[in-house]
Protein chains: 2
Amino acid sequence: MLEDKNPQRTSLSELGEFKLIEHLTHQFKINHKSTILGIGDDAAILTPAKKSIVVTTDVLVEGVHFDLSYVPLKHLGYKAVMVNLSDVYAMNATATQITVSIAVSNRFPLEALEELYAGIETAARIYNVDVVGGDTTSSTSGLIISITAIGEVEDDKVVKRSGAKPNDLLVVTGDLGGAYMGLQVLEREKEVFKVNPQNQPDLSMYTYIVERQLKPEARKDIVELLEQLEVKPTSMIDISDGLSSEIIHLCKQSNVGVDLYENKIPLDPQVISTCEEFNIDSTTIALNGGEDYELLMTISQEDYPKIKANPNLSVIGYITEAERGMHLITRAETKVPIIAKGWKNFNETDSE
Amino acid sequence: MLEDKNPQRTSLSELGEFKLIEHLTHQFKINHKSTILGIGDDAAILTPAKKSIVVTTDVLVEGVHFDLSYVPLKHLGYKAVMVNLSDVYAMNATATQITVSIAVSNRFPLEALEELYAGIETAARIYNVDVVGGDTTSSTSGLIISITAIGEVEDDKVVKRSGAKPNDLLVVTGDLGGAYMGLQVLEREKEVFKVNPQNQPDLSMYTYIVERQLKPEARKDIVELLEQLEVKPTSMIDISDGLSSEIIHLCKQSNVGVDLYENKIPLDPQVISTCEEFNIDSTTIALNGGEDYELLMTISQEDYPKIKANPNLSVIGYITEAERGMHLITRAETKVPIIAKGWKNFNETDSE
């Protein structure tokens with residue numbers, strides 16, 4: 001439990017709001033030329049180097065999006081930044097600034113918030129974004145983190161969800177289902193811990209999938225790779241809710257259909273073995289498990305030679321006319337309609 | 001209580017997250033040329049007309065910043081936008097876009113969120129800002145609203161907190177203390193209601209101050225007025241925490257002192273009469289009561305003729321060298337150091 005991990009406890013009420021914000025944010029360095037003024041005024045001042053900027057916001061709520069009994073606060077801070085940067089990269093943009101707002105109850109000591117901000121600072125440093133503003137306030141119950149991310153992009157480089165065309169290739173980065181299976185392992189260990197708190201969990205068999213859950217990485221590298229390869233996707237979205245759900249978003253907003261090939265969906269061996277252990281179908285997990293923060297895109301057929309050999313990019317299907325609908329072509333070569341479940345409702349639909 | 005006011009109740013779980021967001025946000029119209037893409041993709045796309053943009057964020061938490069037993073949800077939505085726009089105007093900028101994130105527990109029916117969003121929509125329409133993004137998620141307890149506001153400003157027009165110079169005039173807009181006294185009246189009525197729920201409160205004597213609390217207006221008009229008057233303040237801040245606290249911010253960040261004249265602080269007659277009724281000193285309220293969302297600025301002496309006749313602007317003091325310190329010159333012509341209390345801790349220090 002959180003409290004047990006913090007021998008030193010400084011009550012938040014010992015500092016005032018202003019001192020708390022100053023204490024937590026003084027470590028943030030300004031690196032971008034486009035950041036003229038960061039934290040400390042009514043608003044931050046930015047002069048974006050490129051003509052278009054992108055803005056996105058996401059909230060993480062304790063008890064809904066994370067469980068502090070197994071999520072270290074440093075990882076949580078890191079992940080909260082990733083969740084937002086992932087949306088910026090999904091526009092084919094470069095992330096440049098974030099604002100961070102925290103609502104937190106008094107049960108958290110200052111040292112806990114320091115951990116959280118250390119994770120935010122690490123993410124901001126590694127991904128080269130400036131933390132330019134924020135708000136820290138009390139909450140009547142748990143911890144809520146709201147981050148807004150800003151990015152820059154050349155007008156002609158921006159990629160929306162709505163540009164997919166029939167015959168485009170459906171391409172996904174990395175592999176899928178890991179974050180969801182990592183969550184299953186952590187939830188199982190939590191139950192074991194409840195029964196026997198002396199039990200030391202052995203997670204060595206699950207390091208990859210647990211890391212996918214606790215410390216996802218947004219695919220900044222893919223935006224850079226696409227630039228190098230001189231490939232501009234026709235549409236793109238990040239995978240936060242599961243492949244099915246994101247495919248449906250792309251297809252609906254582009255007014256197209258899709259054939260998705262089950263045997264092409266990239267799975268890590270650890271996802272496959274853990275699915276076997278949990279007796280769950282790995283395709284179901286890849287389709288409906290969320291939080292992988294990979295990028296799903298469509299690419300014109302003529303760009304295929306440029307991406308063909310790349311280990312980061314898997315072609316998993318083809319865009320069709322809208323009338324053809326959205327289907328999964330199974331290994332048995334049957335056609336199954338793609339339905340959005342979303343990972344939050346996943347347990348309810350597990351048996352299907 | 002909230003539930004009693006809503007005969008029709010549609011559970012949030014009846015809609016999914018996507019349908020809920022779509023339902024709540026479909027009313028938002030895009031008006032700004034600089035908004036290229038609003039809600040519905042991974043991020044919004046903006047092309048600011050001016051070189052500099054400003055970004056600010058604020059969170060409102062149920063039970064900390066508002067009490068739904070007397071705050072109508074429509075007003076709350078309106079106020080949540082004002083709180084953020086006020087920070088944009090304090091930079092001498094034009095507000096152009098906002099993102100709105102809501103975390104809400106299942107005890108709120110859909111109709112309650114519709115009210116909240118109606119208030120947000122009204123504010124956005126009147127103040128001409130586009131709602132370009134957001135997130136709606138569940139919360140384990142109350143309602144949390146996190147808004148990020150974006151504005152535009154010419155490089156040479158932006159006003160920070162740090163530019164005040166000795167001999168500058170200290171100027172405030174509107175009048176002070178109203179929002180805090182409105183809160184006192186509402187809190188008193190809540191206690192009366194608890195004892196006798198049949199009692200219909202008569203707030204007709206307090207309409208101005210109750211409105212200052214429930215439906216504040218950010219001073220967009222002042223930014224426009226300053227433009228017309230061709231006055232660029234040397235520093236500016238919005239008054240969210242009370243005059244004392246904001247004066248201290250300006251002076252510290254500008255490295256100056258101040259002489260503030262008690263007899264110059266603008267008070268509405270309703271604030272004065274209600275302070276008498278509550279037996280509280282009105283200067284204390286003006287100094288430490290918060291949430292007025294007026295603008296506090298410093299103006300070069302040579303600009304005095306331009307602002308002299310203006311009923312929106314009151315000169316309340318003079319900037320001095322830092323060594324002179326920060327003082328209130330009372331009506332009795334004694335010098336009292338200015339101390340930040342902030343409205344949140346105000347009850348504790350009331351007796352001083």
# chains A, B, ... in the order shown; residues from 1 in each chain; ligands from 1
$ select_by_dssp --residues "segment 116-348 of chain B" --states "alpha helix (DSSP H)" --output "PDB file with N, CA and C atoms, in the first residue's frame"
ATOM      1  N   LEU B 116     -24.670  21.115 -17.226  1.00  0.00           N
ATOM      2  CA  LEU B 116     -23.290  21.574 -17.100  1.00  0.00           C
ATOM      3  C   LEU B 116     -22.742  22.020 -18.456  1.00  0.00           C
ATOM      4  N   TYR B 117     -22.944  21.185 -19.466  1.00  0.00           N
ATOM      5  CA  TYR B 117     -22.438  21.508 -20.806  1.00  0.00           C
ATOM      6  C   TYR B 117     -23.182  22.686 -21.419  1.00  0.00           C
ATOM      7  N   ALA B 118     -24.450  22.862 -21.052  1.00  0.00           N
ATOM      8  CA  ALA B 118     -25.193  24.027 -21.548  1.00  0.00           C
ATOM      9  C   ALA B 118     -24.538  25.306 -21.029  1.00  0.00           C
ATOM     10  N   GLY B 119     -24.091  25.290 -19.777  1.00  0.00           N
ATOM     11  CA  GLY B 119     -23.390  26.440 -19.223  1.00  0.00           C
ATOM     12  C   GLY B 119     -22.059  26.676 -19.916  1.00  0.00           C
ATOM     13  N   ILE B 120     -21.347  25.595 -20.196  1.00  0.00           N
ATOM     14  CA  ILE B 120     -20.062  25.698 -20.915  1.00  0.00           C
ATOM     15  C   ILE B 120     -20.306  26.264 -22.310  1.00  0.00           C
ATOM     16  N   GLU B 121     -21.339  25.762 -22.967  1.00  0.00           N
ATOM     17  CA  GLU B 121     -21.658  26.203 -24.331  1.00  0.00           C
ATOM     18  C   GLU B 121     -22.021  27.691 -24.340  1.00  0.00           C
ATOM     19  N   THR B 122     -22.822  28.105 -23.362  1.00  0.00           N
ATOM     20  CA  THR B 122     -23.223  29.516 -23.281  1.00  0.00           C
ATOM     21  C   THR B 122     -21.993  30.414 -23.105  1.00  0.00           C
ATOM     22  N   ALA B 123     -21.117  30.028 -22.195  1.00  0.00           N
ATOM     23  CA  ALA B 123     -19.904  30.816 -21.957  1.00  0.00           C
ATOM     24  C   ALA B 123     -19.045  30.881 -23.216  1.00  0.00           C
ATOM     25  N   ALA B 124     -18.882  29.739 -23.869  1.00  0.00           N
ATOM     26  CA  ALA B 124     -18.044  29.678 -25.066  1.00  0.00           C
ATOM     27  C   ALA B 124     -18.627  30.563 -26.168  1.00  0.00           C
ATOM     28  N   ARG B 125     -19.941  30.541 -26.294  1.00  0.00           N
ATOM     29  CA  ARG B 125     -20.599  31.336 -27.325  1.00  0.00           C
ATOM     30  C   ARG B 125     -20.450  32.823 -27.042  1.00  0.00           C
ATOM     31  N   ILE B 126     -20.764  33.235 -25.814  1.00  0.00           N
ATOM     32  CA  ILE B 126     -20.723  34.661 -25.468  1.00  0.00           C
ATOM     33  C   ILE B 126     -19.296  35.206 -25.560  1.00  0.00           C
ATOM     34  N   GLY B 178     -17.249  41.060  -3.711  1.00  0.00           N
ATOM     35  CA  GLY B 178     -18.626  40.632  -3.969  1.00  0.00           C
ATOM     36  C   GLY B 178     -18.781  39.118  -3.989  1.00  0.00           C
ATOM     37  N   ALA B 179     -17.883  38.434  -4.694  1.00  0.00           N
ATOM     38  CA  ALA B 179     -18.007  36.974  -4.818  1.00  0.00           C
ATOM     39  C   ALA B 179     -17.905  36.301  -3.451  1.00  0.00           C
ATOM     40  N   TYR B 180     -17.020  36.811  -2.611  1.00  0.00           N
ATOM     41  CA  TYR B 180     -16.856  36.205  -1.286  1.00  0.00           C
ATOM     42  C   TYR B 180     -18.099  36.430  -0.429  1.00  0.00           C
ATOM     43  N   MET B 181     -18.654  37.640  -0.456  1.00  0.00           N
ATOM     44  CA  MET B 181     -19.853  37.895   0.343  1.00  0.00           C
ATOM     45  C   MET B 181     -21.060  37.140  -0.210  1.00  0.00           C
ATOM     46  N   GLY B 182     -21.110  36.979  -1.528  1.00  0.00           N
ATOM     47  CA  GLY B 182     -22.161  36.148  -2.126  1.00  0.00           C
ATOM     48  C   GLY B 182     -22.092  34.720  -1.591  1.00  0.00           C
ATOM     49  N   LEU B 183     -20.872  34.217  -1.463  1.00  0.00           N
ATOM     50  CA  LEU B 183     -20.674  32.876  -0.919  1.00  0.00           C
ATOM     51  C   LEU B 183     -21.160  32.791   0.529  1.00  0.00           C
ATOM     52  N   GLN B 184     -20.887  33.850   1.310  1.00  0.00           N
ATOM     53  CA  GLN B 184     -21.339  33.856   2.713  1.00  0.00           C
ATOM     54  C   GLN B 184     -22.857  33.785   2.792  1.00  0.00           C
ATOM     55  N   VAL B 185     -23.522  34.536   1.920  1.00  0.00           N
ATOM     56  CA  VAL B 185     -24.991  34.536   1.908  1.00  0.00           C
ATOM     57  C   VAL B 185     -25.515  33.147   1.532  1.00  0.00           C
ATOM     58  N   LEU B 186     -24.915  32.551   0.507  1.00  0.00           N
ATOM     59  CA  LEU B 186     -25.357  31.222   0.067  1.00  0.00           C
ATOM     60  C   LEU B 186     -25.108  30.164   1.140  1.00  0.00           C
ATOM     61  N   GLU B 187     -23.971  30.256   1.818  1.00  0.00           N
ATOM     62  CA  GLU B 187     -23.665  29.301   2.892  1.00  0.00           C
ATOM     63  C   GLU B 187     -24.675  29.458   4.039  1.00  0.00           C
ATOM     64  N   ARG B 188     -25.037  30.700   4.338  1.00  0.00           N
ATOM     65  CA  ARG B 188     -26.021  30.928   5.402  1.00  0.00           C
ATOM     66  C   ARG B 188     -27.367  30.331   5.025  1.00  0.00           C
ATOM     67  N   GLU B 189     -27.777  30.552   3.761  1.00  0.00           N
ATOM     68  CA  GLU B 189     -29.064  30.004   3.318  1.00  0.00           C
ATOM     69  C   GLU B 189     -29.053  28.481   3.354  1.00  0.00           C
ATOM     70  N   LYS B 190     -27.901  27.892   3.064  1.00  0.00           N
ATOM     71  CA  LYS B 190     -27.794  26.432   3.106  1.00  0.00           C
ATOM     72  C   LYS B 190     -28.048  25.921   4.529  1.00  0.00           C
ATOM     73  N   GLU B 191     -27.491  26.625   5.506  1.00  0.00           N
ATOM     74  CA  GLU B 191     -27.694  26.224   6.906  1.00  0.00           C
ATOM     75  C   GLU B 191     -29.161  26.370   7.300  1.00  0.00           C
ATOM     76  N   VAL B 192     -29.786  27.463   6.835  1.00  0.00           N
ATOM     77  CA  VAL B 192     -31.212  27.679   7.113  1.00  0.00           C
ATOM     78  C   VAL B 192     -32.036  26.547   6.498  1.00  0.00           C
ATOM     79  N   PHE B 193     -31.664  26.203   5.266  1.00  0.00           N
ATOM     80  CA  PHE B 193     -32.384  25.149   4.543  1.00  0.00           C
ATOM     81  C   PHE B 193     -32.291  23.815   5.270  1.00  0.00           C
ATOM     82  N   LYS B 194     -31.110  23.536   5.839  1.00  0.00           N
ATOM     83  CA  LYS B 194     -30.911  22.275   6.568  1.00  0.00           C
ATOM     84  C   LYS B 194     -31.880  22.168   7.744  1.00  0.00           C
ATOM     85  N   VAL B 195     -32.069  23.315   8.427  1.00  0.00           N
ATOM     86  CA  VAL B 195     -32.938  23.337   9.604  1.00  0.00           C
ATOM     87  C   VAL B 195     -34.406  23.304   9.182  1.00  0.00           C
ATOM     88  N   THR B 207     -28.765  40.160  -4.825  1.00  0.00           N
ATOM     89  CA  THR B 207     -28.664  39.668  -6.211  1.00  0.00           C
ATOM     90  C   THR B 207     -27.284  39.906  -6.824  1.00  0.00           C
ATOM     91  N   TYR B 208     -26.732  41.092  -6.593  1.00  0.00           N
ATOM     92  CA  TYR B 208     -25.440  41.400  -7.220  1.00  0.00           C
ATOM     93  C   TYR B 208     -24.341  40.475  -6.704  1.00  0.00           C
ATOM     94  N   ILE B 209     -24.234  40.357  -5.378  1.00  0.00           N
ATOM     95  CA  ILE B 209     -23.120  39.563  -4.837  1.00  0.00           C
ATOM     96  C   ILE B 209     -23.311  38.062  -5.069  1.00  0.00           C
ATOM     97  N   VAL B 210     -24.557  37.593  -5.068  1.00  0.00           N
ATOM     98  CA  VAL B 210     -24.795  36.178  -5.365  1.00  0.00           C
ATOM     99  C   VAL B 210     -24.411  35.886  -6.815  1.00  0.00           C
ATOM    100  N   GLU B 211     -24.734  36.820  -7.704  1.00  0.00           N
ATOM    101  CA  GLU B 211     -24.354  36.634  -9.102  1.00  0.00           C
ATOM    102  C   GLU B 211     -22.837  36.691  -9.273  1.00  0.00           C
ATOM    103  N   ARG B 212     -22.178  37.547  -8.498  1.00  0.00           N
ATOM    104  CA  ARG B 212     -20.710  37.607  -8.547  1.00  0.00           C
ATOM    105  C   ARG B 212     -20.110  36.250  -8.178  1.00  0.00           C
ATOM    106  N   GLN B 213     -20.756  35.556  -7.233  1.00  0.00           N
ATOM    107  CA  GLN B 213     -20.272  34.235  -6.815  1.00  0.00           C
ATOM    108  C   GLN B 213     -20.636  33.157  -7.831  1.00  0.00           C
ATOM    109  N   LEU B 214     -21.900  33.155  -8.262  1.00  0.00           N
ATOM    110  CA  LEU B 214     -22.378  32.041  -9.079  1.00  0.00           C
ATOM    111  C   LEU B 214     -22.068  32.212 -10.560  1.00  0.00           C
ATOM    112  N   LYS B 220     -13.017  40.187 -20.482  1.00  0.00           N
ATOM    113  CA  LYS B 220     -12.684  40.311 -21.905  1.00  0.00           C
ATOM    114  C   LYS B 220     -12.765  41.767 -22.346  1.00  0.00           C
ATOM    115  N   ASP B 221     -13.790  42.460 -21.804  1.00  0.00           N
ATOM    116  CA  ASP B 221     -14.032  43.858 -22.188  1.00  0.00           C
ATOM    117  C   ASP B 221     -12.844  44.754 -21.833  1.00  0.00           C
ATOM    118  N   ILE B 222     -12.130  44.400 -20.779  1.00  0.00           N
ATOM    119  CA  ILE B 222     -10.990  45.233 -20.359  1.00  0.00           C
ATOM    120  C   ILE B 222      -9.832  45.120 -21.352  1.00  0.00           C
ATOM    121  N   VAL B 223      -9.599  43.920 -21.858  1.00  0.00           N
ATOM    122  CA  VAL B 223      -8.539  43.744 -22.864  1.00  0.00           C
ATOM    123  C   VAL B 223      -8.867  44.595 -24.091  1.00  0.00           C
ATOM    124  N   GLU B 224     -10.144  44.599 -24.465  1.00  0.00           N
ATOM    125  CA  GLU B 224     -10.579  45.410 -25.613  1.00  0.00           C
ATOM    126  C   GLU B 224     -10.474  46.904 -25.287  1.00  0.00           C
ATOM    127  N   LEU B 225     -10.848  47.257 -24.068  1.00  0.00           N
ATOM    128  CA  LEU B 225     -10.777  48.657 -23.631  1.00  0.00           C
ATOM    129  C   LEU B 225      -9.331  49.167 -23.646  1.00  0.00           C
ATOM    130  N   LEU B 226      -8.423  48.371 -23.139  1.00  0.00           N
ATOM    131  CA  LEU B 226      -7.008  48.767 -23.105  1.00  0.00           C
ATOM    132  C   LEU B 226      -6.484  48.990 -24.523  1.00  0.00           C
ATOM    133  N   GLU B 227      -6.925  48.142 -25.427  1.00  0.00           N
ATOM    134  CA  GLU B 227      -6.553  48.281 -26.843  1.00  0.00           C
ATOM    135  C   GLU B 227      -7.054  49.620 -27.400  1.00  0.00           C
ATOM    136  N   GLN B 228      -8.338  49.896 -27.113  1.00  0.00           N
ATOM    137  CA  GLN B 228      -8.919  51.170 -27.575  1.00  0.00           C
ATOM    138  C   GLN B 228      -8.220  52.374 -26.979  1.00  0.00           C
ATOM    139  N   LEU B 229      -7.930  52.280 -25.691  1.00  0.00           N
ATOM    140  CA  LEU B 229      -7.300  53.402 -24.989  1.00  0.00           C
ATOM    141  C   LEU B 229      -5.817  53.513 -25.336  1.00  0.00           C
ATOM    142  N   LEU B 243      -7.194  40.313  -3.412  1.00  0.00           N
ATOM    143  CA  LEU B 243      -6.312  41.418  -3.811  1.00  0.00           C
ATOM    144  C   LEU B 243      -4.922  41.318  -3.184  1.00  0.00           C
ATOM    145  N   SER B 244      -4.839  41.025  -1.884  1.00  0.00           N
ATOM    146  CA  SER B 244      -3.542  40.937  -1.197  1.00  0.00           C
ATOM    147  C   SER B 244      -2.619  39.948  -1.888  1.00  0.00           C
ATOM    148  N   SER B 245      -3.151  38.767  -2.075  1.00  0.00           N
ATOM    149  CA  SER B 245      -2.373  37.687  -2.657  1.00  0.00           C
ATOM    150  C   SER B 245      -1.866  38.064  -4.049  1.00  0.00           C
ATOM    151  N   GLU B 246      -2.724  38.708  -4.845  1.00  0.00           N
ATOM    152  CA  GLU B 246      -2.338  39.042  -6.220  1.00  0.00           C
ATOM    153  C   GLU B 246      -1.329  40.195  -6.240  1.00  0.00           C
ATOM    154  N   ILE B 247      -1.511  41.156  -5.334  1.00  0.00           N
ATOM    155  CA  ILE B 247      -0.539  42.251  -5.234  1.00  0.00           C
ATOM    156  C   ILE B 247       0.843  41.687  -4.904  1.00  0.00           C
ATOM    157  N   ILE B 248       0.862  40.745  -3.984  1.00  0.00           N
ATOM    158  CA  ILE B 248       2.148  40.145  -3.598  1.00  0.00           C
ATOM    159  C   ILE B 248       2.790  39.414  -4.780  1.00  0.00           C
ATOM    160  N   HIS B 249       1.977  38.692  -5.546  1.00  0.00           N
ATOM    161  CA  HIS B 249       2.521  38.037  -6.747  1.00  0.00           C
ATOM    162  C   HIS B 249       3.155  39.062  -7.686  1.00  0.00           C
ATOM    163  N   LEU B 250       2.405  40.125  -7.983  1.00  0.00           N
ATOM    164  CA  LEU B 250       2.912  41.156  -8.917  1.00  0.00           C
ATOM    165  C   LEU B 250       4.211  41.772  -8.395  1.00  0.00           C
ATOM    166  N   CYS B 251       4.200  42.144  -7.115  1.00  0.00           N
ATOM    167  CA  CYS B 251       5.367  42.836  -6.549  1.00  0.00           C
ATOM    168  C   CYS B 251       6.584  41.917  -6.498  1.00  0.00           C
ATOM    169  N   LYS B 252       6.373  40.673  -6.066  1.00  0.00           N
ATOM    170  CA  LYS B 252       7.509  39.746  -5.982  1.00  0.00           C
ATOM    171  C   LYS B 252       8.087  39.470  -7.366  1.00  0.00           C
ATOM    172  N   GLN B 253       7.201  39.232  -8.331  1.00  0.00           N
ATOM    173  CA  GLN B 253       7.699  38.879  -9.664  1.00  0.00           C
ATOM    174  C   GLN B 253       8.277  40.099 -10.386  1.00  0.00           C
ATOM    175  N   SER B 254       7.860  41.291  -9.989  1.00  0.00           N
ATOM    176  CA  SER B 254       8.415  42.516 -10.590  1.00  0.00           C
ATOM    177  C   SER B 254       9.553  43.095  -9.754  1.00  0.00           C
ATOM    178  N   PRO B 269     -21.938  48.968  -3.081  1.00  0.00           N
ATOM    179  CA  PRO B 269     -22.743  49.223  -1.878  1.00  0.00           C
ATOM    180  C   PRO B 269     -23.299  47.939  -1.254  1.00  0.00           C
ATOM    181  N   GLN B 270     -23.619  46.945  -2.103  1.00  0.00           N
ATOM    182  CA  GLN B 270     -24.173  45.696  -1.570  1.00  0.00           C
ATOM    183  C   GLN B 270     -23.121  44.908  -0.768  1.00  0.00           C
ATOM    184  N   VAL B 271     -21.872  45.034  -1.177  1.00  0.00           N
ATOM    185  CA  VAL B 271     -20.783  44.400  -0.404  1.00  0.00           C
ATOM    186  C   VAL B 271     -20.673  45.094   0.961  1.00  0.00           C
ATOM    187  N   ILE B 272     -20.728  46.416   0.941  1.00  0.00           N
ATOM    188  CA  ILE B 272     -20.612  47.179   2.198  1.00  0.00           C
ATOM    189  C   ILE B 272     -21.761  46.838   3.147  1.00  0.00           C
ATOM    190  N   SER B 273     -22.995  46.848   2.620  1.00  0.00           N
ATOM    191  CA  SER B 273     -24.146  46.590   3.498  1.00  0.00           C
ATOM    192  C   SER B 273     -24.148  45.148   4.005  1.00  0.00           C
ATOM    193  N   THR B 274     -23.740  44.212   3.148  1.00  0.00           N
ATOM    194  CA  THR B 274     -23.725  42.810   3.585  1.00  0.00           C
ATOM    195  C   THR B 274     -22.600  42.578   4.596  1.00  0.00           C
ATOM    196  N   CYS B 275     -21.475  43.256   4.412  1.00  0.00           N
ATOM    197  CA  CYS B 275     -20.387  43.161   5.401  1.00  0.00           C
ATOM    198  C   CYS B 275     -20.874  43.682   6.759  1.00  0.00           C
ATOM    199  N   GLU B 276     -21.627  44.784   6.729  1.00  0.00           N
ATOM    200  CA  GLU B 276     -22.177  45.317   7.985  1.00  0.00           C
ATOM    201  C   GLU B 276     -23.098  44.289   8.633  1.00  0.00           C
ATOM    202  N   GLU B 277     -23.961  43.697   7.806  1.00  0.00           N
ATOM    203  CA  GLU B 277     -24.896  42.697   8.303  1.00  0.00           C
ATOM    204  C   GLU B 277     -24.171  41.495   8.925  1.00  0.00           C
ATOM    205  N   PHE B 278     -23.089  41.076   8.292  1.00  0.00           N
ATOM    206  CA  PHE B 278     -22.312  39.930   8.784  1.00  0.00           C
ATOM    207  C   PHE B 278     -21.267  40.353   9.819  1.00  0.00           C
ATOM    208  N   SER B 282     -15.141  45.332   5.573  1.00  0.00           N
ATOM    209  CA  SER B 282     -15.202  45.205   4.114  1.00  0.00           C
ATOM    210  C   SER B 282     -13.817  45.267   3.462  1.00  0.00           C
ATOM    211  N   THR B 283     -12.885  45.991   4.062  1.00  0.00           N
ATOM    212  CA  THR B 283     -11.526  46.022   3.493  1.00  0.00           C
ATOM    213  C   THR B 283     -10.879  44.640   3.581  1.00  0.00           C
ATOM    214  N   THR B 284     -11.088  43.982   4.716  1.00  0.00           N
ATOM    215  CA  THR B 284     -10.556  42.621   4.881  1.00  0.00           C
ATOM    216  C   THR B 284     -11.103  41.701   3.793  1.00  0.00           C
ATOM    217  N   ILE B 285     -12.387  41.867   3.501  1.00  0.00           N
ATOM    218  CA  ILE B 285     -13.024  41.047   2.458  1.00  0.00           C
ATOM    219  C   ILE B 285     -12.439  41.351   1.086  1.00  0.00           C
ATOM    220  N   ALA B 286     -12.275  42.644   0.790  1.00  0.00           N
ATOM    221  CA  ALA B 286     -11.713  43.026  -0.508  1.00  0.00           C
ATOM    222  C   ALA B 286     -10.284  42.508  -0.650  1.00  0.00           C
ATOM    223  N   LEU B 287      -9.540  42.522   0.444  1.00  0.00           N
ATOM    224  CA  LEU B 287      -8.143  42.085   0.389  1.00  0.00           C
ATOM    225  C   LEU B 287      -8.010  40.571   0.292  1.00  0.00           C
ATOM    226  N   ASN B 288      -8.889  39.862   0.974  1.00  0.00           N
ATOM    227  CA  ASN B 288      -8.675  38.424   1.119  1.00  0.00           C
ATOM    228  C   ASN B 288      -9.765  37.538   0.530  1.00  0.00           C
ATOM    229  N   TYR B 304      -1.776  57.798 -17.412  1.00  0.00           N
ATOM    230  CA  TYR B 304      -2.865  58.160 -16.496  1.00  0.00           C
ATOM    231  C   TYR B 304      -3.983  58.951 -17.176  1.00  0.00           C
ATOM    232  N   PRO B 305      -3.643  59.947 -18.005  1.00  0.00           N
ATOM    233  CA  PRO B 305      -4.733  60.700 -18.654  1.00  0.00           C
ATOM    234  C   PRO B 305      -5.678  59.805 -19.470  1.00  0.00           C
ATOM    235  N   LYS B 306      -5.146  58.743 -20.032  1.00  0.00           N
ATOM    236  CA  LYS B 306      -5.980  57.865 -20.864  1.00  0.00           C
ATOM    237  C   LYS B 306      -6.993  57.066 -20.049  1.00  0.00           C
ATOM    238  N   ILE B 307      -6.673  56.758 -18.809  1.00  0.00           N
ATOM    239  CA  ILE B 307      -7.561  55.901 -18.017  1.00  0.00           C
ATOM    240  C   ILE B 307      -8.377  56.680 -16.988  1.00  0.00           C
ATOM    241  N   PHE B 346      -9.416  31.740   4.628  1.00  0.00           N
ATOM    242  CA  PHE B 346      -9.892  33.012   5.134  1.00  0.00           C
ATOM    243  C   PHE B 346     -10.598  32.904   6.477  1.00  0.00           C
ATOM    244  N   ASN B 347     -11.416  31.887   6.625  1.00  0.00           N
ATOM    245  CA  ASN B 347     -12.171  31.765   7.877  1.00  0.00           C
ATOM    246  C   ASN B 347     -11.261  31.703   9.104  1.00  0.00           C
ATOM    247  N   GLU B 348     -10.099  31.079   8.890  1.00  0.00           N
ATOM    248  CA  GLU B 348      -9.179  30.931  10.014  1.00  0.00           C
ATOM    249  C   GLU B 348      -8.598  32.268  10.472  1.00  0.00           C
TER     250      GLU B 348
END
$ interface_residues --of "chain A" --to "chain B" --cutoff "7 Å" --atoms "only C-alpha atoms" --output "tab-separated table (two decimals) with C-alpha atoms, in the first residue's frame"
chain	number	residue	atom	x	y	z
A	41	ASP	CA	2.31	33.62	-14.64
A	42	ASP	CA	-1.42	33.58	-15.39
A	43	ALA	CA	-0.67	31.59	-18.53
A	44	ALA	CA	2.32	30.20	-20.40
A	45	ILE	CA	3.47	32.01	-23.55
A	46	LEU	CA	4.41	29.96	-26.60
A	47	THR	CA	5.54	30.90	-30.10
A	51	LYS	CA	2.08	27.06	-38.39
A	52	SER	CA	-0.25	24.42	-37.04
A	53	ILE	CA	-0.48	23.33	-33.45
A	54	VAL	CA	-2.34	20.35	-32.06
A	55	VAL	CA	-3.98	20.21	-28.63
A	56	THR	CA	-5.22	17.19	-26.75
A	57	THR	CA	-6.28	16.45	-23.18
A	58	ASP	CA	-6.79	13.33	-21.07
A	59	VAL	CA	-7.76	12.66	-17.49
A	61	VAL	CA	-8.82	9.02	-12.26
A	63	GLY	CA	-10.02	3.78	-9.02
A	64	VAL	CA	-11.05	4.11	-12.67
A	87	ASP	CA	-2.48	11.52	-29.11
A	88	VAL	CA	-0.07	14.19	-30.37
A	90	ALA	CA	-1.21	10.17	-33.72
A	91	MET	CA	-1.59	13.52	-35.54
A	101	SER	CA	-3.26	19.56	-13.28
A	133	GLY	CA	1.65	25.17	-16.60
A	134	GLY	CA	-0.68	23.45	-14.28
A	135	ASP	CA	-2.82	23.52	-11.23
A	138	SER	CA	-7.15	19.34	-3.13
A	139	SER	CA	-9.67	16.62	-3.84
A	140	THR	CA	-12.25	15.17	-1.51
A	141	SER	CA	-11.24	11.63	-2.35
A	146	SER	CA	-5.44	15.98	-16.06
A	160	LYS	CA	-6.30	12.97	-39.29
A	161	ARG	CA	-8.49	9.95	-38.68
A	237	ILE	CA	-5.06	7.06	-34.56
$ atom_distance --atom1 "atom CA of Gln301 of chain A" --atom2 "atom CA of Asn167 of chain A"
6.9 Å
$ atom_distance --atom1 "atom CA of Arg107 of chain A" --atom2 "atom CA of Leu76 of chain B"
27.0 Å
